[in-house]
>>> print(open('query_16.cif').read())   # mmCIF, C-alpha atoms and all ligand atoms
data_final
loop_
_atom_site.label_atom_id
_atom_site.label_comp_id
_atom_site.auth_asym_id
_atom_site.auth_seq_id
_atom_site.Cartn_x
_atom_site.Cartn_y
_atom_site.Cartn_z
CA MET A 1 71.54 -2.77 221.75
CA LYS A 2 69.98 -5.85 223.37
CA CYS A 3 70.29 -7.26 226.89
CA SER A 4 72.61 -10.25 226.76
CA GLY A 5 70.54 -12.06 229.42
CA CYS A 6 67.06 -11.89 227.93
CA GLY A 7 67.44 -10.38 224.47
CA VAL A 8 65.14 -7.41 225.17
CA GLU A 9 66.05 -4.09 223.50
CA LEU A 10 67.76 -1.92 226.13
CA GLN A 11 66.18 1.42 227.03
CA GLN A 12 67.02 4.25 229.43
CA GLU A 13 63.70 6.10 229.63
CA ASN A 14 61.34 3.97 231.70
CA PRO A 15 62.78 2.37 234.89
CA ALA A 16 59.60 0.32 235.36
CA GLY A 17 59.67 -1.10 231.81
CA LEU A 18 61.45 -4.10 230.34
CA GLY A 19 65.01 -3.58 229.11
CA TYR A 20 65.78 -0.69 231.48
CA ILE A 21 69.39 0.14 232.28
CA SER A 22 70.52 3.47 233.70
CA GLU A 23 72.87 5.58 231.64
CA SER A 24 75.65 5.47 234.25
CA VAL A 25 75.51 1.67 234.63
CA MET A 26 75.55 1.24 230.86
CA GLU A 27 78.61 3.46 230.54
CA SER A 28 80.57 1.75 233.27
CA ARG A 29 79.73 -1.75 231.94
CA LEU A 30 80.77 -0.72 228.44
CA LEU A 31 84.05 0.72 229.76
CA SER A 32 84.88 -2.37 231.80
CA GLY A 33 83.89 -4.74 228.99
CA LYS A 34 81.36 -6.56 231.22
CA GLU A 35 78.15 -8.08 229.85
CA ILE A 36 75.37 -5.56 229.40
CA LEU A 37 72.30 -6.65 231.30
CA CYS A 38 68.98 -4.94 231.82
CA ARG A 39 68.07 -4.16 235.45
CA ARG A 40 65.65 -7.09 235.61
CA CYS A 41 68.26 -9.65 234.46
CA PHE A 42 70.90 -8.09 236.71
CA LEU A 43 68.67 -8.51 239.79
CA MET A 44 67.67 -12.06 238.87
CA LYS A 45 71.19 -13.21 238.05
CA HIS A 46 73.09 -11.58 240.89
CA TYR A 47 70.52 -11.23 243.67
CA GLY A 48 67.99 -13.97 242.84
CA SER A 49 65.16 -11.45 243.06
CA LEU A 50 62.47 -10.42 240.61
CA PRO A 51 61.67 -6.72 240.32
CA GLU A 52 57.97 -6.08 240.87
CA GLY A 53 55.68 -5.40 237.95
CA ASN A 54 58.01 -7.06 235.48
CA MET A 55 55.86 -10.13 234.75
CA VAL A 56 54.91 -10.85 231.16
CA ALA A 57 52.54 -13.79 230.71
CA HIS A 58 53.03 -15.59 227.41
CA SER A 59 50.21 -17.66 225.93
CA LEU A 60 49.59 -20.29 223.26
CA ASP A 61 49.03 -17.48 220.75
CA ASN A 62 52.58 -16.33 221.42
CA MET A 63 53.75 -19.90 220.90
CA LYS A 64 52.15 -20.03 217.45
CA GLU A 65 54.43 -17.12 216.52
CA TYR A 66 57.56 -18.82 217.87
CA LEU A 67 56.74 -21.98 215.96
CA ARG A 68 57.13 -20.09 212.69
CA ILE A 69 60.85 -19.78 213.42
CA ALA A 70 61.79 -23.38 212.63
CA ARG A 71 60.26 -26.70 211.59
CA ASP A 72 62.31 -28.64 214.14
CA VAL A 73 61.03 -28.15 217.66
CA ILE A 74 62.68 -28.97 220.95
CA TYR A 75 59.81 -29.50 223.39
CA VAL A 76 61.24 -29.25 226.92
CA ILE A 77 59.29 -31.20 229.55
CA ASP A 78 59.97 -31.33 233.29
CA ILE A 79 59.94 -35.06 234.06
CA SER A 80 59.11 -34.34 237.72
CA ASP A 81 55.87 -32.68 236.58
CA PHE A 82 55.32 -34.64 233.38
CA ASP A 83 51.57 -34.14 233.04
CA GLY A 84 51.79 -30.50 234.08
CA THR A 85 54.42 -29.70 231.45
CA PHE A 86 53.55 -32.05 228.57
CA ARG A 87 50.30 -30.53 227.45
CA ARG A 88 47.78 -31.61 224.86
CA ASP A 89 47.14 -27.98 223.79
CA ILE A 90 50.84 -27.48 223.02
CA ALA A 91 51.14 -30.90 221.37
CA ALA A 92 48.22 -29.97 219.09
CA LEU A 93 50.20 -26.98 217.80
CA LEU A 94 53.14 -29.21 216.93
CA LYS A 95 51.37 -31.45 214.40
CA ASP A 96 53.25 -30.09 211.38
CA HIS A 97 56.60 -29.95 213.14
CA SER A 98 59.38 -32.39 213.67
CA VAL A 99 59.44 -32.71 217.47
CA HIS A 100 62.37 -33.68 219.70
CA TYR A 101 61.32 -34.22 223.30
CA ILE A 102 63.68 -33.30 226.13
CA LEU A 103 62.83 -34.76 229.53
CA ASN A 104 64.70 -32.37 231.80
CA LYS A 105 65.35 -32.50 235.56
CA ILE A 106 65.79 -36.27 235.74
CA ASP A 107 68.00 -35.61 238.79
CA LEU A 108 64.76 -35.06 240.73
CA LEU A 109 63.47 -38.59 240.19
CA PRO A 110 63.99 -41.42 242.67
CA ARG A 111 67.20 -43.38 242.16
CA GLU A 112 65.17 -46.51 241.45
CA VAL A 113 63.81 -45.12 238.17
CA LYS A 114 66.33 -46.01 235.49
CA VAL A 115 66.94 -43.70 232.57
CA ASN A 116 65.93 -46.27 229.95
CA GLU A 117 62.73 -47.05 231.82
CA MET A 118 61.66 -43.42 231.95
CA ARG A 119 62.56 -43.03 228.29
CA ASP A 120 60.38 -45.99 227.27
CA TRP A 121 57.60 -44.84 229.56
CA ALA A 122 57.58 -41.32 228.09
CA SER A 123 57.91 -42.50 224.52
CA GLY A 124 54.72 -44.56 225.00
CA ILE A 125 52.75 -41.57 226.29
CA LEU A 126 54.23 -39.10 223.80
CA LYS A 127 53.67 -41.61 220.96
CA ALA A 128 57.16 -40.79 219.72
CA PRO A 129 60.05 -43.11 218.87
CA VAL A 130 62.48 -43.63 221.76
CA SER A 131 65.23 -41.95 219.71
CA ARG A 132 63.22 -38.70 219.83
CA VAL A 133 62.97 -38.73 223.63
CA ARG A 134 66.08 -37.43 225.36
CA PRO A 135 66.32 -37.61 229.16
CA VAL A 136 68.72 -34.98 230.54
CA SER A 137 69.61 -33.14 233.68
CA VAL A 138 71.01 -29.74 232.87
CA LEU A 139 71.76 -29.23 236.56
CA LYS A 140 73.91 -32.38 236.74
CA GLN A 141 75.08 -31.99 233.12
CA TYR A 142 73.73 -35.43 232.35
CA GLY A 143 72.91 -36.34 228.74
CA LEU A 144 74.04 -33.04 227.22
CA LYS A 145 76.96 -34.41 225.20
CA SER A 146 74.88 -37.04 223.47
CA LEU A 147 72.08 -34.52 222.98
CA PHE A 148 74.56 -32.18 221.30
CA ALA A 149 75.66 -34.97 218.90
CA TYR A 150 72.02 -35.89 218.25
CA LEU A 151 70.99 -32.29 217.46
CA LYS A 152 73.97 -31.85 215.12
CA SER A 153 72.96 -34.91 213.16
CA SER A 154 69.25 -34.05 212.92
CA ALA A 155 68.78 -30.45 211.75
CA GLY A 156 70.33 -26.99 211.49
CA GLU A 157 67.75 -24.86 213.27
CA TYR A 158 65.57 -25.59 216.27
CA VAL A 159 63.06 -23.62 218.24
CA SER A 160 62.90 -24.60 221.90
CA VAL A 161 59.46 -24.35 223.52
CA GLY A 162 57.61 -25.37 226.66
CA VAL A 163 55.83 -24.01 229.70
CA THR A 164 57.54 -21.80 232.27
CA ASN A 165 60.36 -23.04 234.51
CA VAL A 166 61.07 -26.36 232.76
CA GLY A 167 64.68 -25.32 232.06
CA LYS A 168 64.61 -24.17 228.41
CA SER A 169 67.12 -21.38 228.94
CA SER A 170 69.25 -23.55 231.24
CA LEU A 171 69.36 -26.15 228.48
CA LEU A 172 70.66 -23.69 225.90
CA ASN A 173 73.26 -22.40 228.37
CA GLY A 174 74.25 -26.02 229.09
CA LEU A 175 74.62 -26.84 225.42
CA THR A 176 76.78 -23.75 224.81
CA HIS A 177 78.79 -24.08 228.07
CA SER A 178 77.76 -20.58 229.04
CA GLU A 179 75.72 -18.78 231.69
CA GLU A 180 74.82 -15.91 229.45
CA ILE A 181 71.07 -16.37 229.13
CA THR A 182 69.26 -15.41 232.31
CA VAL A 183 67.91 -18.36 234.25
CA SER A 184 65.94 -18.05 237.47
CA ARG A 185 63.61 -19.81 239.89
CA PHE A 186 60.81 -17.42 238.90
CA PRO A 187 58.33 -18.37 236.16
CA GLY A 188 58.42 -16.09 233.14
CA THR A 189 62.14 -15.32 233.25
CA THR A 190 62.60 -15.24 229.47
CA VAL A 191 60.59 -12.46 227.86
CA GLU A 192 61.97 -12.39 224.33
CA VAL A 193 63.15 -14.94 221.76
CA THR A 194 66.92 -15.20 221.77
CA SER A 195 69.22 -17.54 219.82
CA ARG A 196 72.63 -19.16 220.16
CA THR A 197 74.74 -21.21 217.77
CA LEU A 198 76.23 -24.31 219.34
CA ASN A 199 80.04 -24.30 219.53
CA ASN A 200 81.87 -25.79 216.53
CA SER A 201 78.67 -26.44 214.66
CA SER A 202 76.14 -24.78 212.42
CA VAL A 203 73.26 -25.63 214.76
CA THR A 204 71.22 -22.67 215.96
CA ILE A 205 68.69 -22.94 218.79
CA TYR A 206 66.08 -20.31 219.54
CA ASP A 207 65.08 -20.02 223.20
CA THR A 208 61.52 -18.77 223.72
CA PRO A 209 59.49 -17.43 226.67
CA GLY A 210 57.69 -20.14 228.64
CA ILE A 211 53.94 -20.47 228.28
CA PHE A 212 51.95 -19.72 231.45
CA THR A 213 49.48 -22.36 232.57
CA GLU A 214 46.45 -22.22 234.85
CA ASP A 215 45.97 -25.79 235.95
CA ARG A 216 49.20 -26.50 237.82
CA LEU A 217 49.03 -26.30 241.57
CA THR A 218 52.01 -23.95 241.44
CA ASP A 219 49.88 -21.51 239.43
CA LEU A 220 47.97 -20.80 242.65
CA LEU A 221 51.11 -19.68 244.45
CA SER A 222 52.65 -16.24 244.45
CA VAL A 223 55.78 -15.86 242.32
CA GLU A 224 57.87 -15.82 245.51
CA ASP A 225 56.19 -19.01 246.76
CA GLN A 226 56.74 -20.69 243.39
CA SER A 227 60.44 -20.02 243.69
CA ILE A 228 60.54 -21.53 247.21
CA PHE A 229 58.56 -24.53 245.97
CA LEU A 230 60.84 -25.32 242.99
CA PRO A 231 62.68 -28.57 243.82
CA ARG A 232 66.48 -28.76 243.76
CA LYS A 233 66.86 -32.15 245.39
CA LYS A 234 65.26 -35.50 244.66
CA LEU A 235 61.52 -35.66 245.23
CA VAL A 236 60.65 -37.05 248.63
CA ARG A 237 58.95 -40.44 248.71
CA SER A 238 56.52 -41.21 251.55
CA THR A 239 54.88 -44.59 251.89
CA PHE A 240 51.45 -45.30 253.35
CA GLN A 241 50.37 -48.79 254.25
CA PHE A 242 46.85 -49.09 255.57
CA HIS A 243 44.01 -51.45 256.33
CA GLU A 244 40.92 -49.30 256.09
CA THR A 245 40.79 -45.58 255.61
CA ARG A 246 43.55 -43.03 255.85
CA THR A 247 43.80 -39.29 255.34
CA VAL A 248 46.97 -37.73 253.98
CA PHE A 249 47.63 -34.08 253.22
CA LEU A 250 50.15 -33.08 250.58
CA SER A 251 50.70 -29.36 251.23
CA GLY A 252 47.66 -27.31 252.28
CA PHE A 253 46.11 -27.84 248.86
CA VAL A 254 45.62 -31.60 248.56
CA ARG A 255 43.66 -33.83 250.87
CA ILE A 256 43.69 -37.56 250.08
CA ASP A 257 41.09 -39.82 251.67
CA ALA A 258 42.21 -43.33 250.88
CA LYS A 259 40.16 -46.49 251.26
CA ASN A 260 41.71 -49.93 251.04
CA GLU A 261 39.86 -52.50 248.94
CA ASN A 262 42.56 -55.06 249.26
CA ASP A 263 43.13 -57.89 251.64
CA PRO A 264 44.95 -57.32 253.95
CA VAL A 265 46.62 -53.95 253.16
CA GLY A 266 46.78 -51.25 250.53
CA ILE A 267 50.03 -49.42 249.87
CA PHE A 268 50.69 -46.16 248.08
CA HIS A 269 53.65 -43.84 247.74
CA THR A 270 53.64 -40.09 247.27
CA PHE A 271 56.38 -38.14 245.48
CA VAL A 272 56.59 -34.40 246.12
CA PRO A 273 59.30 -31.70 246.40
CA GLU A 274 61.03 -31.40 249.75
CA SER A 275 59.35 -28.06 250.48
CA VAL A 276 55.92 -29.74 250.54
CA SER A 277 54.47 -30.92 253.87
CA VAL A 278 53.26 -34.49 253.92
CA HIS A 279 50.96 -35.08 256.86
CA GLU A 280 49.11 -38.26 257.75
CA THR A 281 46.17 -37.88 260.06
CA SER A 282 42.88 -39.36 261.22
CA SER A 283 40.19 -39.70 258.60
CA ASN A 284 37.89 -37.73 260.94
CA THR A 285 39.90 -34.55 260.40
CA GLY A 286 37.40 -31.79 259.76
CA ALA A 287 37.38 -28.59 257.74
CA GLU A 288 38.20 -26.39 260.77
CA GLU A 289 41.42 -28.23 261.50
CA TRP A 290 42.36 -28.04 257.86
CA ASP A 291 41.68 -24.27 257.87
CA ARG A 292 43.93 -23.90 260.90
CA TRP A 293 46.75 -25.97 259.43
CA PHE A 294 46.63 -24.29 256.00
CA GLY A 295 49.95 -22.48 255.45
CA GLY A 296 51.08 -23.60 258.94
CA ILE A 297 51.88 -27.28 259.30
CA LEU A 298 50.59 -27.70 255.76
CA LYS A 299 52.90 -25.88 253.32
CA PRO A 300 52.70 -24.48 250.68
CA PRO A 301 51.26 -21.86 250.84
CA PHE A 302 54.39 -20.47 252.44
CA SER A 303 52.87 -17.09 253.11
CA SER A 304 49.71 -16.58 255.10
CA SER A 305 46.52 -17.08 253.15
CA ALA A 306 43.12 -18.54 253.95
CA ARG A 307 41.68 -21.73 252.55
CA SER A 308 38.42 -19.89 251.88
CA GLU A 309 40.19 -17.87 249.17
CA TYR A 310 40.05 -20.93 246.91
CA LYS A 311 37.25 -22.91 245.28
CA TRP A 312 37.48 -26.62 246.02
CA LYS A 313 36.45 -29.86 244.33
CA SER A 314 36.49 -33.53 245.34
CA GLU A 315 37.19 -36.25 242.78
CA LYS A 316 37.08 -40.00 243.30
CA PHE A 317 39.52 -42.45 241.67
CA ARG A 318 39.78 -46.22 241.86
CA LEU A 319 43.37 -47.16 241.16
CA ARG A 320 44.94 -50.55 240.52
CA THR A 321 48.40 -51.70 241.47
CA GLY A 322 50.96 -49.92 239.28
CA GLN A 323 48.78 -46.94 238.39
CA GLU A 324 49.59 -43.38 239.31
CA LEU A 325 47.61 -40.25 239.89
CA HIS A 326 49.50 -37.12 238.90
CA ILE A 327 48.62 -33.82 240.55
CA CYS A 328 49.75 -31.21 238.01
CA GLY A 329 52.32 -28.82 239.43
CA LEU A 330 52.84 -30.83 242.64
CA GLY A 331 53.81 -34.49 242.30
CA TRP A 332 52.13 -37.87 242.18
CA ILE A 333 50.66 -40.84 244.00
CA ASN A 334 51.84 -44.33 243.05
CA VAL A 335 49.76 -47.35 243.99
CA ALA A 336 52.07 -50.17 245.03
CA LYS A 337 49.29 -52.44 246.21
CA GLY A 338 45.74 -51.86 245.12
CA PRO A 339 43.02 -51.53 244.37
CA VAL A 340 42.51 -48.42 246.46
CA THR A 341 39.83 -45.79 246.27
CA LEU A 342 41.18 -42.27 246.61
CA VAL A 343 39.07 -39.18 247.06
CA LEU A 344 41.16 -36.09 246.34
CA THR A 345 40.02 -32.69 247.50
CA THR A 346 41.95 -29.93 245.70
CA PRO A 347 41.42 -26.43 244.32
CA GLU A 348 39.07 -26.56 241.32
CA SER A 349 41.64 -25.40 238.80
CA VAL A 350 44.15 -28.19 239.43
CA THR A 351 44.25 -30.99 236.85
CA LEU A 352 44.50 -34.58 238.11
CA LYS A 353 45.55 -37.29 235.73
CA VAL A 354 45.56 -41.09 236.01
CA ARG A 355 48.48 -42.68 234.21
CA LYS A 356 50.50 -45.83 233.88
CA GLY A 357 53.12 -45.81 236.62
CA LEU A 358 56.52 -44.30 235.97
CA VAL A 359 57.57 -46.16 239.08
CA GLY A 360 56.86 -49.89 238.75
CA PRO A 361 54.77 -51.51 241.51
CA LYS A 362 57.66 -53.67 242.71
CA LYS A 363 60.25 -50.89 242.99
CA PHE A 364 59.54 -50.03 246.59
CA LYS A 365 57.91 -52.68 248.66
CA LYS A 366 57.26 -50.47 251.64
N1 LIG A 401 66.68 -29.81 239.52
C1 LIG A 401 66.90 -29.25 238.34
N2 LIG A 401 66.62 -27.94 238.16
C2 LIG A 401 66.85 -27.41 236.94
C3 LIG A 401 67.37 -28.17 235.86
N3 LIG A 401 67.44 -27.36 234.77
C4 LIG A 401 66.99 -26.15 235.16
N4 LIG A 401 66.64 -26.16 236.46
C5 LIG A 401 66.13 -25.05 237.27
O1 LIG A 401 64.83 -24.71 236.84
C6 LIG A 401 64.58 -23.31 237.02
C7 LIG A 401 64.06 -22.70 235.76
O2 LIG A 401 65.08 -22.72 234.77
P1 LIG A 401 65.02 -21.80 233.45
O3 LIG A 401 66.11 -22.27 232.54
O4 LIG A 401 64.96 -20.37 233.80
O5 LIG A 401 63.60 -22.29 232.88
P2 LIG A 401 62.82 -21.75 231.58
O6 LIG A 401 62.06 -22.91 231.02
O7 LIG A 401 63.75 -21.05 230.66
O8 LIG A 401 61.81 -20.73 232.26
P3 LIG A 401 61.02 -19.47 231.62
O9 LIG A 401 62.02 -18.58 230.97
O10 LIG A 401 60.36 -18.86 232.79
O11 LIG A 401 60.04 -20.05 230.65
C8 LIG A 401 65.94 -22.71 237.50
O12 LIG A 401 65.90 -22.57 238.91
C9 LIG A 401 66.94 -23.78 237.08
O13 LIG A 401 68.10 -23.78 237.89
C10 LIG A 401 67.67 -29.56 236.09
O14 LIG A 401 68.15 -30.31 235.24
N5 LIG A 401 67.42 -30.03 237.34
MG MG A 402 63.78 -19.12 230.01
#
>>> encode(input="query_16.cif", output="C-alpha cells")
Amino acid sequence: MKCSGCGVELQQENPAGLGYISESVMESRLLSGKEILCRRCFLMKHYGSLPEGNMVAHSLDNMKEYLRIARDVIYVIDISDFDGTFRRDIAALLKDHSVHYILNKIDLLPREVKVNEMRDWASGILKAPVSRVRPVSVLKQYGLKSLFAYLKSSAGEYVSVGVTNVGKSSLLNGLTHSEEITVSRFPGTTVEVTSRTLNNSSVTIYDTPGIFTEDRLTDLLSVEDQSIFLPRKKLVRSTFQFHETRTVFLSGFVRIDAKNENDPVGIFHTFVPESVSVHETSSNTGAEEWDRWFGGILKPPFSSSARSEYKWKSEKFRLRTGQELHICGLGWINVAKGPVTLVLTTPESVTLKVRKGLVGPKKFKK
C-alpha cells in the first residue's frame, strides 16, 4: 500500500526511513476510513514540520527518468524567482518534448504588473508561443479553470516537472480540487512520482519530486530558514533615489554598492519577500559592521551563523533604464532611471542574471 500524500510504499520496519507508519496508527486509520499517510507526510500536513533525516535530494539524472513518462511536459516556474526556477539545464532536457510553461505564484508580483504583460515577457525569454505560457496562482485559484480547459484540449498525459518549492504538487491538488498530495514550505516535499486523473476528463498528470539546485540564495539556508523565507504575500518594493553612491543590503547575503551615472539622479527598485531585511546605509560601511549585522538586522539568515562561513564574490554591472538584475533565490533589482553601476557582493554560489525588465521603467516613478 502507498502513502496517499507522497506515493511512497508504506513500511512498518524502519521508523527513520521513508514511508514509515506504525502498525497501530495504520490499523486505526484503516478502521476509521481516514487517509493513510506515512509519518513524514502526517507531520508535514498536520504540524508543518519536517522530520529530521528525511531529505532526499533529486537531481537532473532523476529528471531524465521522469521525462520518459510522457511527451507532454508541464514545466512549473515560480514567477517570483523566474531565473532561479527556469533553468537552462532543465530546458536542455526538454528539447524533444512538447512543453507547457506554468508561471505559478503570480499573486506575489506587484499589482502594477499585468497578467498579459508578464505572459508576453516570459514568452519572449522562454522562446515559446504565448499560448504555451500560462500564468496562474494556485494559492488564489487564479487561472486554474482555463488551464484545465487548455490541458484537456492539448494532450492526454502530462508529466509535471520543475525545481523544488515552485508549487508542482499544489498545482495538481488545485486542478483536482483536492488536498490529497502533500504540500509544504520545505523543499523536497515530494519524494516519489504520483499521478492523478483530472475530474471528468481522461487527462492524467504525473507529479514529480522537485530538482534541487545549488545556485539559489535559498540553497544556502537551512531547511527551516527556507520555510521562513518562502513568501506568502506580495514581494516588497523598496525604492532608492540617489545622486552619487549608495549602499543597500538585501538580507545578510547581498550588498549593493550603487553609483549614479545619471544627471541628476539614479533610481532603482528592489523586490524581495517580506522576510528579507532591506537596509540602506552609508557607502563607507565596512566588513566588521556587516559581520555584526549578519543574521541580526540583516536577515536571512534567521538563525545565528557567521559571514566567514561563506565564500564571497563581487561582480560589477552597468544597467540601463528598464533593465533588471535578478538574484536567484532572492528577488531582483529594477533600474527605473539609469544608467547606474552596481557592484554586488554575494556568496560565490549565487547566480546573478541581467534581464529585460518585467516591471517597465515607468511603472513606479518613485
Ligand atoms: N504565494 C504562493 N505560494 C504558493 C502557490 N502555490 C504553491 N505555493 C506554496 O509553495 C510551497 C511549495 O509548494 P509545493 O506544492 O509543495 O511545491 P513543489 O514544487 O511540489 O515542491 P517539491 O515537492 O519540494 O518539489 C507551499 O508552501 C505552497 O503553499 C501560489 O500560487 N502562491
Ligand atoms: Mg511536490
>>> atom_distance(input="query_16.cif", atom1="CA of Thr176 in chain A", atom2="CA of Arg196 in chain A")
7.7 Å
>>> residues_near_ligand(input="query_16.cif", ligand="ligand LIG 401 (chain A)", cutoff="8 Å", atoms="all atoms listed in the file", output="VMD selection string")
chain A and resid 76 104 to 108 136 to 141 162 to 171 182 to 191 207 to 211 227 230 to 234
>>> residues_around(input="query_16.cif", residues="Arg246 in chain A", least_positions_apart="6", cutoff="9 Å", atoms="only C-alpha atoms", output="JSON, numbers by chain")
{"A": [240, 256, 257, 258, 259, 260, 280, 281, 282, 283]}
>>> closest_residue(input="query_16.cif", among="A:Trp332, A:Thr321, A:Pro264, A:Thr345", to="Pro361 in chain A", atoms="all atoms listed in the file")
A:Thr321
>>> closest_residue(input="query_16.cif", among="A:Leu30, A:Ile297, A:Val161, A:Ile125", to="ligand MG 402 (chain A)", atoms="all atoms listed in the file")
A:Val161
>>> closest_residue(input="query_16.cif", among="A:Ser28, A:Ser314, A:Ser251, A:Ser178", to="Leu221 in chain A", atoms="all atoms listed in the file")
A:Ser251
>>> closest_residue(input="query_16.cif", among="A:Leu94, A:Leu172, A:Met26, A:Leu103", to="ligand MG 402 (chain A)", atoms="all atoms listed in the file")
A:Leu172
>>> atom_distance(input="query_16.cif", atom1="CA of Val133 in chain A", atom2="CA of Glu112 in chain A")
19.6 Å
>>> atom_distance(input="query_16.cif", atom1="CA of Tyr75 in chain A", atom2="CA of Ala92 in chain A")
12.4 Å
>>> residues_around(input="query_16.cif", residues="Lys337 in chain A", least_positions_apart="4", cutoff="9 Å", atoms="all atoms listed in the file", output="PyMOL selection string")
chain A and resi 241+262+265-268+320-322+361+365
>>> residues_around(input="query_16.cif", residues="Gly19 in chain A", least_positions_apart="3", cutoff="8 Å", atoms="only C-alpha atoms", output="tab-separated table (two decimals) with C-alpha atoms, keeping the file's coordinate frame")
chain	number	residue	atom	x	y	z
A	2	LYS	CA	69.98	-5.85	223.37
A	3	CYS	CA	70.29	-7.26	226.89
A	8	VAL	CA	65.14	-7.41	225.17
A	9	GLU	CA	66.05	-4.09	223.50
A	10	LEU	CA	67.76	-1.92	226.13
A	11	GLN	CA	66.18	1.42	227.03
A	38	CYS	CA	68.98	-4.94	231.82
A	39	ARG	CA	68.07	-4.16	235.45
A	40	ARG	CA	65.65	-7.09	235.61
>>> residues_around(input="query_16.cif", residues="Gly296 in chain A", least_positions_apart="5", cutoff="10 Å", atoms="only C-alpha atoms", output="compact mmCIF listing (two decimals) with C-alpha atoms, keeping the file's coordinate frame")
# COMPACT_ATOMS: atom_id res chain seq x y z
CA SER A 251 50.70 -29.36 251.23
CA GLY A 252 47.66 -27.31 252.28
CA SER A 277 54.47 -30.92 253.87
CA TRP A 290 42.36 -28.04 257.86
CA ASP A 291 41.68 -24.27 257.87
CA PRO A 301 51.26 -21.86 250.84
CA PHE A 302 54.39 -20.47 252.44
CA SER A 303 52.87 -17.09 253.11
CA SER A 304 49.71 -16.58 255.10
CA SER A 305 46.52 -17.08 253.15
